[in-house]
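Just query.cif here, mmCIF, C-alpha atoms:
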data_target
#
loop_
_atom_site.label_atom_id
_atom_site.label_comp_id
_atom_site.auth_asym_id
_atom_site.auth_seq_id
_atom_site.Cartn_x
_atom_site.Cartn_y
_atom_site.Cartn_z
CA MET A 35 -39.90 -227.07 30.07
CA SER A 36 -39.54 -230.70 28.97
CA ALA A 37 -36.93 -229.77 26.34
CA TYR A 38 -34.98 -227.73 28.92
CA ARG A 39 -35.02 -230.70 31.33
CA GLU A 40 -33.73 -233.00 28.59
CA LEU A 41 -30.92 -230.56 27.84
CA LEU A 42 -29.92 -230.39 31.54
CA HIS A 43 -29.80 -234.16 31.82
CA ALA A 44 -27.91 -234.56 28.54
CA LEU A 45 -25.28 -232.03 29.67
CA ASP A 46 -24.97 -233.80 33.01
CA ASN A 47 -24.58 -237.21 31.38
CA HIS A 48 -22.33 -236.34 28.45
CA GLY A 49 -20.80 -232.89 29.00
CA PRO A 50 -20.80 -230.12 26.37
CA ARG A 51 -18.40 -231.90 24.00
CA GLY A 52 -20.16 -235.24 24.29
CA LEU A 53 -23.51 -233.58 23.73
CA LEU A 54 -22.21 -231.89 20.56
CA LEU A 55 -20.81 -235.16 19.21
CA ARG A 56 -24.09 -236.94 19.85
CA ALA A 57 -26.02 -234.17 18.09
CA LEU A 58 -23.73 -234.38 15.06
CA ALA A 59 -24.10 -238.16 14.96
CA LYS A 60 -27.87 -237.80 14.78
CA LEU A 61 -27.52 -235.65 11.67
CA LYS A 62 -25.90 -238.50 9.72
CA PRO A 63 -28.16 -240.65 7.52
CA SER A 64 -29.09 -243.90 9.21
CA THR A 65 -30.39 -247.17 7.91
CA VAL A 66 -31.20 -248.47 11.37
CA THR A 67 -34.84 -249.42 11.75
CA GLU A 68 -36.88 -248.09 14.63
CA ALA A 69 -36.47 -250.12 17.79
CA GLU A 70 -39.30 -252.23 19.07
CA PRO A 71 -41.02 -250.78 22.16
CA LEU A 72 -39.75 -252.15 25.44
CA GLU A 73 -41.81 -254.71 27.28
CA PRO A 74 -43.30 -253.53 30.60
CA GLU A 75 -40.98 -254.29 33.50
CA ALA A 76 -41.80 -257.32 35.57
CA THR A 77 -42.64 -256.96 39.25
CA HIS A 78 -39.50 -257.18 41.35
CA PRO A 79 -39.25 -260.25 43.63
CA PHE A 80 -38.98 -257.87 46.61
CA ASP A 81 -42.49 -256.60 45.88
CA LEU A 82 -43.88 -260.10 45.56
CA ALA A 83 -42.34 -261.11 48.88
CA HIS A 84 -43.55 -258.02 50.77
CA HIS A 85 -46.82 -257.33 48.94
CA VAL A 86 -45.80 -253.80 47.96
CA ASP A 87 -45.34 -251.75 44.78
CA THR A 88 -41.77 -250.44 44.40
CA SER A 89 -41.02 -251.76 40.90
CA GLY A 90 -40.64 -249.93 37.62
CA HIS A 91 -38.71 -247.05 36.10
CA ILE A 92 -40.24 -243.56 35.91
CA PRO A 93 -38.34 -240.85 33.98
CA GLY A 94 -37.78 -237.54 35.75
CA GLU A 95 -40.05 -235.62 33.37
CA GLN A 96 -42.98 -237.74 34.58
CA LEU A 97 -42.36 -236.84 38.24
CA GLY A 98 -43.62 -233.29 38.10
CA ALA A 99 -44.01 -231.28 41.28
CA ASP A 100 -44.08 -227.81 39.70
CA THR A 101 -41.06 -226.47 41.61
CA PRO A 102 -37.60 -225.28 40.44
CA SER A 103 -35.98 -228.40 41.96
CA ASP A 104 -38.23 -230.55 39.78
CA LEU A 105 -36.04 -229.70 36.77
CA TYR A 106 -33.15 -231.54 38.39
CA ASN A 107 -34.91 -234.80 39.25
CA THR A 108 -33.23 -237.86 37.75
CA ALA A 109 -35.78 -240.68 37.67
CA TYR A 110 -37.42 -243.22 39.92
CA TYR A 111 -35.85 -246.67 40.06
CA GLY A 112 -35.67 -248.72 43.24
CA ILE A 113 -32.30 -249.71 44.72
CA SER A 114 -31.40 -253.39 44.70
CA PRO A 115 -32.51 -254.61 48.14
CA SER A 116 -29.60 -257.01 48.58
CA SER A 117 -26.89 -254.38 48.03
CA LEU A 118 -28.49 -251.81 50.35
CA THR A 119 -28.96 -254.47 53.01
CA HIS A 120 -25.26 -255.33 52.78
CA ALA A 121 -24.29 -251.64 52.94
CA LEU A 122 -26.35 -251.10 56.09
CA GLU A 123 -24.79 -254.19 57.64
CA LEU A 124 -21.40 -252.48 57.20
CA PHE A 125 -22.50 -249.41 59.16
CA PRO A 126 -19.89 -248.74 61.88
CA GLU A 127 -22.30 -247.94 64.74
CA ALA A 128 -25.35 -249.54 66.29
CA VAL A 129 -28.37 -247.98 64.57
CA THR A 130 -30.90 -248.22 67.39
CA SER A 131 -30.80 -244.46 68.10
CA PHE A 132 -30.50 -243.31 64.46
CA THR A 133 -33.05 -241.82 62.08
CA PHE A 134 -32.66 -243.18 58.55
CA THR A 135 -33.61 -240.42 56.08
CA ASP A 136 -33.99 -241.17 52.38
CA LEU A 137 -33.90 -238.02 50.22
CA GLY A 138 -35.83 -238.78 47.05
CA CYS A 139 -37.47 -241.86 48.53
CA GLY A 140 -39.70 -242.56 45.50
CA LYS A 141 -42.00 -245.48 46.20
CA GLY A 142 -40.19 -246.28 49.45
CA ARG A 143 -38.14 -249.38 48.65
CA ALA A 144 -35.08 -248.18 50.57
CA LEU A 145 -37.30 -247.30 53.53
CA LEU A 146 -38.65 -250.85 53.58
CA VAL A 147 -35.11 -252.25 53.46
CA ALA A 148 -34.10 -249.93 56.31
CA ALA A 149 -37.14 -251.14 58.27
CA GLN A 150 -35.47 -254.54 58.52
CA PHE A 151 -32.93 -252.88 60.82
CA PRO A 152 -33.64 -251.51 64.33
CA PHE A 153 -33.61 -247.81 63.41
CA ALA A 154 -35.41 -245.56 65.88
CA ASN A 155 -37.15 -243.67 63.08
CA ILE A 156 -37.28 -243.81 59.28
CA LEU A 157 -38.10 -240.78 57.15
CA GLY A 158 -38.73 -240.60 53.42
CA VAL A 159 -38.61 -237.23 51.64
CA GLU A 160 -40.03 -237.07 48.12
CA LEU A 161 -40.78 -234.15 45.79
CA SER A 162 -43.43 -235.96 43.73
CA PRO A 163 -46.86 -235.97 45.41
CA GLU A 164 -47.87 -239.06 43.42
CA LEU A 165 -44.89 -241.08 44.62
CA CYS A 166 -45.50 -239.94 48.19
CA VAL A 167 -48.95 -241.54 48.04
CA VAL A 168 -47.46 -244.82 46.80
CA ALA A 169 -44.68 -244.76 49.40
CA ALA A 170 -47.14 -244.08 52.23
CA GLU A 171 -49.26 -247.03 51.16
CA ASN A 172 -46.23 -249.32 50.87
CA CYS A 173 -44.95 -248.32 54.33
CA ARG A 174 -48.22 -248.06 56.22
CA LEU A 175 -47.60 -251.13 58.40
CA ASP A 176 -44.45 -249.79 60.09
CA PRO A 177 -45.18 -246.89 62.49
CA ARG A 178 -41.51 -245.84 62.45
CA ILE A 179 -41.78 -244.79 58.78
CA LYS A 180 -42.96 -241.28 57.91
CA ILE A 181 -43.31 -239.85 54.40
CA GLN A 182 -42.77 -236.13 53.89
CA GLN A 183 -43.61 -234.43 50.58
CA GLY A 184 -41.16 -231.64 49.87
CA ASP A 185 -37.83 -230.37 48.58
CA ALA A 186 -34.82 -232.32 49.87
CA ALA A 187 -32.78 -229.12 49.99
CA THR A 188 -35.10 -227.42 52.48
CA ILE A 189 -35.89 -230.30 54.86
CA GLN A 190 -35.31 -229.73 58.56
CA TYR A 191 -33.49 -232.79 59.86
CA PRO A 192 -34.65 -234.37 63.12
CA ASP A 193 -32.53 -234.11 66.22
CA GLY A 194 -30.43 -237.08 67.24
CA PRO A 195 -28.13 -239.45 65.35
CA LEU A 196 -28.81 -239.36 61.61
CA ILE A 197 -28.12 -241.30 58.41
CA VAL A 198 -28.95 -239.46 55.18
CA TYR A 199 -29.32 -241.79 52.20
CA LEU A 200 -29.08 -240.84 48.51
CA TYR A 201 -29.53 -243.01 45.41
CA HIS A 202 -28.58 -240.42 42.74
CA PRO A 203 -31.98 -238.69 43.13
CA PHE A 204 -31.07 -235.34 41.60
CA LEU A 205 -28.46 -233.46 39.56
CA LYS A 206 -25.60 -231.31 40.86
CA PRO A 207 -27.48 -228.02 41.47
CA VAL A 208 -29.82 -229.64 43.99
CA LEU A 209 -27.06 -231.82 45.48
CA ARG A 210 -25.04 -228.70 46.30
CA ARG A 211 -28.05 -227.18 48.07
CA VAL A 212 -28.70 -230.44 49.95
CA LEU A 213 -25.10 -230.66 51.16
CA ALA A 214 -25.03 -226.99 52.16
CA SER A 215 -28.20 -227.49 54.20
CA LEU A 216 -26.80 -230.63 55.83
CA GLN A 217 -23.60 -228.77 56.72
CA ARG A 218 -25.50 -225.82 58.15
CA GLN A 219 -27.74 -228.01 60.31
CA ARG A 220 -25.41 -230.80 61.37
CA GLN A 221 -21.74 -229.79 61.20
CA ASN A 222 -21.60 -228.78 64.86
CA SER A 223 -24.21 -231.24 66.08
CA PRO A 224 -23.26 -233.35 69.12
CA HIS A 225 -24.96 -236.30 67.40
CA SER A 226 -23.39 -238.63 64.83
CA THR A 227 -24.27 -237.77 61.24
CA TYR A 228 -23.58 -239.98 58.23
CA LEU A 229 -24.36 -239.76 54.54
CA LEU A 230 -24.71 -243.01 52.57
CA TYR A 231 -24.54 -242.37 48.82
CA ALA A 232 -25.38 -245.14 46.34
CA ASN A 233 -23.73 -244.72 42.93
CA CYS A 234 -22.33 -241.25 43.54
CA ARG A 235 -21.40 -239.60 40.25
CA TYR A 236 -20.36 -236.25 41.68
CA GLU A 237 -17.07 -236.73 43.52
CA LYS A 238 -15.99 -233.13 42.79
CA VAL A 239 -19.19 -231.79 44.34
CA MET A 240 -18.69 -234.00 47.40
CA ALA A 241 -15.06 -232.87 47.71
CA ALA A 242 -16.23 -229.25 47.85
CA PHE A 243 -17.82 -230.05 51.23
CA PRO A 244 -14.85 -231.22 53.34
CA PHE A 245 -16.98 -231.49 56.47
CA LEU A 246 -17.92 -234.89 54.97
CA GLU A 247 -15.13 -237.46 55.37
CA VAL A 248 -15.18 -240.79 53.54
CA VAL A 249 -15.49 -243.72 55.95
CA TRP A 250 -15.54 -246.42 53.26
CA ASP A 251 -16.28 -246.90 49.59
CA TYR A 252 -17.31 -250.36 48.41
CA SER A 253 -18.65 -252.01 45.27
CA ILE A 254 -21.26 -254.38 46.65
CA PRO A 255 -22.53 -257.33 44.60
CA LEU A 256 -26.22 -257.81 43.92
CA SER A 257 -27.81 -261.10 44.84
CA PRO A 258 -28.47 -263.35 41.81
CA GLU A 259 -32.18 -262.55 42.21
CA ASP A 260 -31.58 -258.80 42.14
CA ALA A 261 -29.10 -259.03 39.27
CA ALA A 262 -31.62 -260.97 37.19
CA ALA A 263 -34.27 -258.32 37.83
CA ASP A 264 -32.10 -255.26 37.15
CA ARG A 265 -33.11 -253.34 34.03
CA HIS A 266 -29.52 -252.14 33.43
CA GLY A 267 -27.92 -255.56 33.75
CA ILE A 268 -25.57 -254.48 36.54
CA THR A 269 -24.03 -256.91 39.01
CA HIS A 270 -22.72 -254.44 41.64
CA GLU A 271 -23.77 -251.18 43.27
CA ARG A 272 -21.19 -248.73 44.57
CA PHE A 273 -21.83 -247.30 48.03
CA THR A 274 -19.85 -244.52 49.72
CA LEU A 275 -20.31 -243.78 53.42
CA TYR A 276 -19.39 -240.30 54.66
CA HIS A 277 -19.19 -239.04 58.23
CA ALA A 278 -19.90 -235.40 59.08
CA ASN A 279 -17.15 -233.78 61.14
#

Could you render the structure from this file as structure tokens?
Amino acid sequence: MSAYRELLHALDNHGPRGLLLRALAKLKPSTVTEAEPLEPEATHPFDLAHHVDTSGHIPGEQLGADTPSDLYNTAYYGISPSSLTHALELFPEAVTSFTFTDLGCGKGRALLVAAQFPFANILGVELSPELCVVAAENCRLDPRIKIQQGDAATIQYPDGPLIVYLYHPFLKPVLRRVLASLQRQRQNSPHSTYLLYANCRYEKVMAAFPFLEVVWDYSIPLSPEDAAADRHGITHERFTLYHAN
């Protein structure tokens, strides 16, 4: 199962040709010495400020939930708080009647960022039971926040205005199911429905669901504090906001 997961992720990241080239490269003799093990990641300043635990990187194979969708998990890594805050500040409507729903909420960092805004309700959906426990503990002080353990593709969305948030939580097979479910439940809804996607890598998949129309697409800079803490060394996060028609 672990080898199959690795193959799925490698195909998603590199494509068939890229995967073949990488496999051939590994067959060549190498004089490179084995890399030193990485140091444990430091606690993010957001966690220190809010007395929570949303730091760290957890590979997808360590987030087992023993379901078919589990094969398509990416990994856990919390969004940069400053970029998500900026993205939510650019939202085109007042959020007081909206439910913010994070699919693949992990430890709940995005939920805690959303809690700084006057959303009516905040919902985190997470496949991993272990991460649900951590998220519930992190979010216990805000009664608006609920954590639901389950498959993002089968969730029943609450009635009323809705923002669905994604931070590349799963590969294309699950994303297609998620978008089909969102279309089925919300396309003819009288309530506003938006999808906020951080670092979308699947534009062709999104284009296959024309009920979602792009409102804006921005590359948002990280604060110096977030940039210094980022394990990938990035300085911007790309956010795309869609509206369901």

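Restricting the calculation to only C-alpha atoms, the smallest distance between Leu118 of chain A and any of A:Gln150, A:Thr227, A:Asn172, A:Thr130 is found for A:Gln150.
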
_With all atoms listed in the file as the counted atoms, please give the residues lying no more than 12 Å from Arg218 of chain A, apart from itself and same-chain residues fewer than 5 positions off, as a ChimeraX atom specification._
/A:187-191,211-213,223,243,245,278-279

File dump, residues just selected, C-alpha atoms, as a PDB file, keeping the file's coordinate frame:
ATOM      1  CA  ALA A 187     -32.780-229.120  49.990  1.00  0.00           C
ATOM      2  CA  THR A 188     -35.100-227.420  52.480  1.00  0.00           C
ATOM      3  CA  ILE A 189     -35.890-230.300  54.860  1.00  0.00           C
ATOM      4  CA  GLN A 190     -35.310-229.730  58.560  1.00  0.00           C
ATOM      5  CA  TYR A 191     -33.490-232.790  59.860  1.00  0.00           C
ATOM      6  CA  ARG A 211     -28.050-227.180  48.070  1.00  0.00           C
ATOM      7  CA  VAL A 212     -28.700-230.440  49.950  1.00  0.00           C
ATOM      8  CA  LEU A 213     -25.100-230.660  51.160  1.00  0.00           C
ATOM      9  CA  SER A 223     -24.210-231.240  66.080  1.00  0.00           C
ATOM     10  CA  PHE A 243     -17.820-230.050  51.230  1.00  0.00           C
ATOM     11  CA  PHE A 245     -16.980-231.490  56.470  1.00  0.00           C
ATOM     12  CA  ALA A 278     -19.900-235.400  59.080  1.00  0.00           C
ATOM     13  CA  ASN A 279     -17.150-233.780  61.140  1.00  0.00           C
TER      14      ASN A 279
END

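Candidate residues A:Ala262, A:Leu200, A:Leu122, A:Cys139 were compared for distance to Ala170 of chain A, and the nearest is A:Cys139, using only C-alpha atoms.
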
*Would you write out, as a PyMOL selection string, every residue that the PyMOL selection byres ((chain A and resi 111) around 12) captures in this file?*
chain A and resi 75+78+87-94+97+107-110+112-115+138-144+165+201-203+263-266

Which residues match the PyMOL selection byres ((chain A and resi 151-157) around 9) in the file above, as an mmCIF file with C-alpha atoms, in the frame of the given file?
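Saved the output as selection.cif:
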data_model
loop_
_atom_site.group_PDB
_atom_site.id
_atom_site.type_symbol
_atom_site.label_atom_id
_atom_site.label_comp_id
_atom_site.auth_asym_id
_atom_site.auth_seq_id
_atom_site.Cartn_x
_atom_site.Cartn_y
_atom_site.Cartn_z
ATOM 1 C CA THR A 119 -28.960 -254.470 53.010
ATOM 2 C CA LEU A 122 -26.350 -251.100 56.090
ATOM 3 C CA GLU A 123 -24.790 -254.190 57.640
ATOM 4 C CA ALA A 128 -25.350 -249.540 66.290
ATOM 5 C CA VAL A 129 -28.370 -247.980 64.570
ATOM 6 C CA THR A 130 -30.900 -248.220 67.390
ATOM 7 C CA SER A 131 -30.800 -244.460 68.100
ATOM 8 C CA PHE A 132 -30.500 -243.310 64.460
ATOM 9 C CA THR A 133 -33.050 -241.820 62.080
ATOM 10 C CA PHE A 134 -32.660 -243.180 58.550
ATOM 11 C CA THR A 135 -33.610 -240.420 56.080
ATOM 12 C CA ASP A 136 -33.990 -241.170 52.380
ATOM 13 C CA LEU A 137 -33.900 -238.020 50.220
ATOM 14 C CA CYS A 139 -37.470 -241.860 48.530
ATOM 15 C CA LEU A 145 -37.300 -247.300 53.530
ATOM 16 C CA VAL A 147 -35.110 -252.250 53.460
ATOM 17 C CA ALA A 148 -34.100 -249.930 56.310
ATOM 18 C CA ALA A 149 -37.140 -251.140 58.270
ATOM 19 C CA GLN A 150 -35.470 -254.540 58.520
ATOM 20 C CA GLY A 158 -38.730 -240.600 53.420
ATOM 21 C CA VAL A 159 -38.610 -237.230 51.640
ATOM 22 C CA PRO A 177 -45.180 -246.890 62.490
ATOM 23 C CA ARG A 178 -41.510 -245.840 62.450
ATOM 24 C CA ILE A 179 -41.780 -244.790 58.780
ATOM 25 C CA LYS A 180 -42.960 -241.280 57.910
ATOM 26 C CA ILE A 181 -43.310 -239.850 54.400
ATOM 27 C CA GLN A 182 -42.770 -236.130 53.890
#

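Atom pair atom CA of Ser226 of chain A / atom CA of Tyr199 of chain A: separated by 14.3 Å.
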
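Between atom CA of Thr274 of chain A and atom CA of Gln217 of chain A the interatomic distance comes to 17.6 Å.
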
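Computed from the coordinates, the atom CA of Ala169 of chain A to atom CA of Asn233 of chain A distance equals 21.9 Å.
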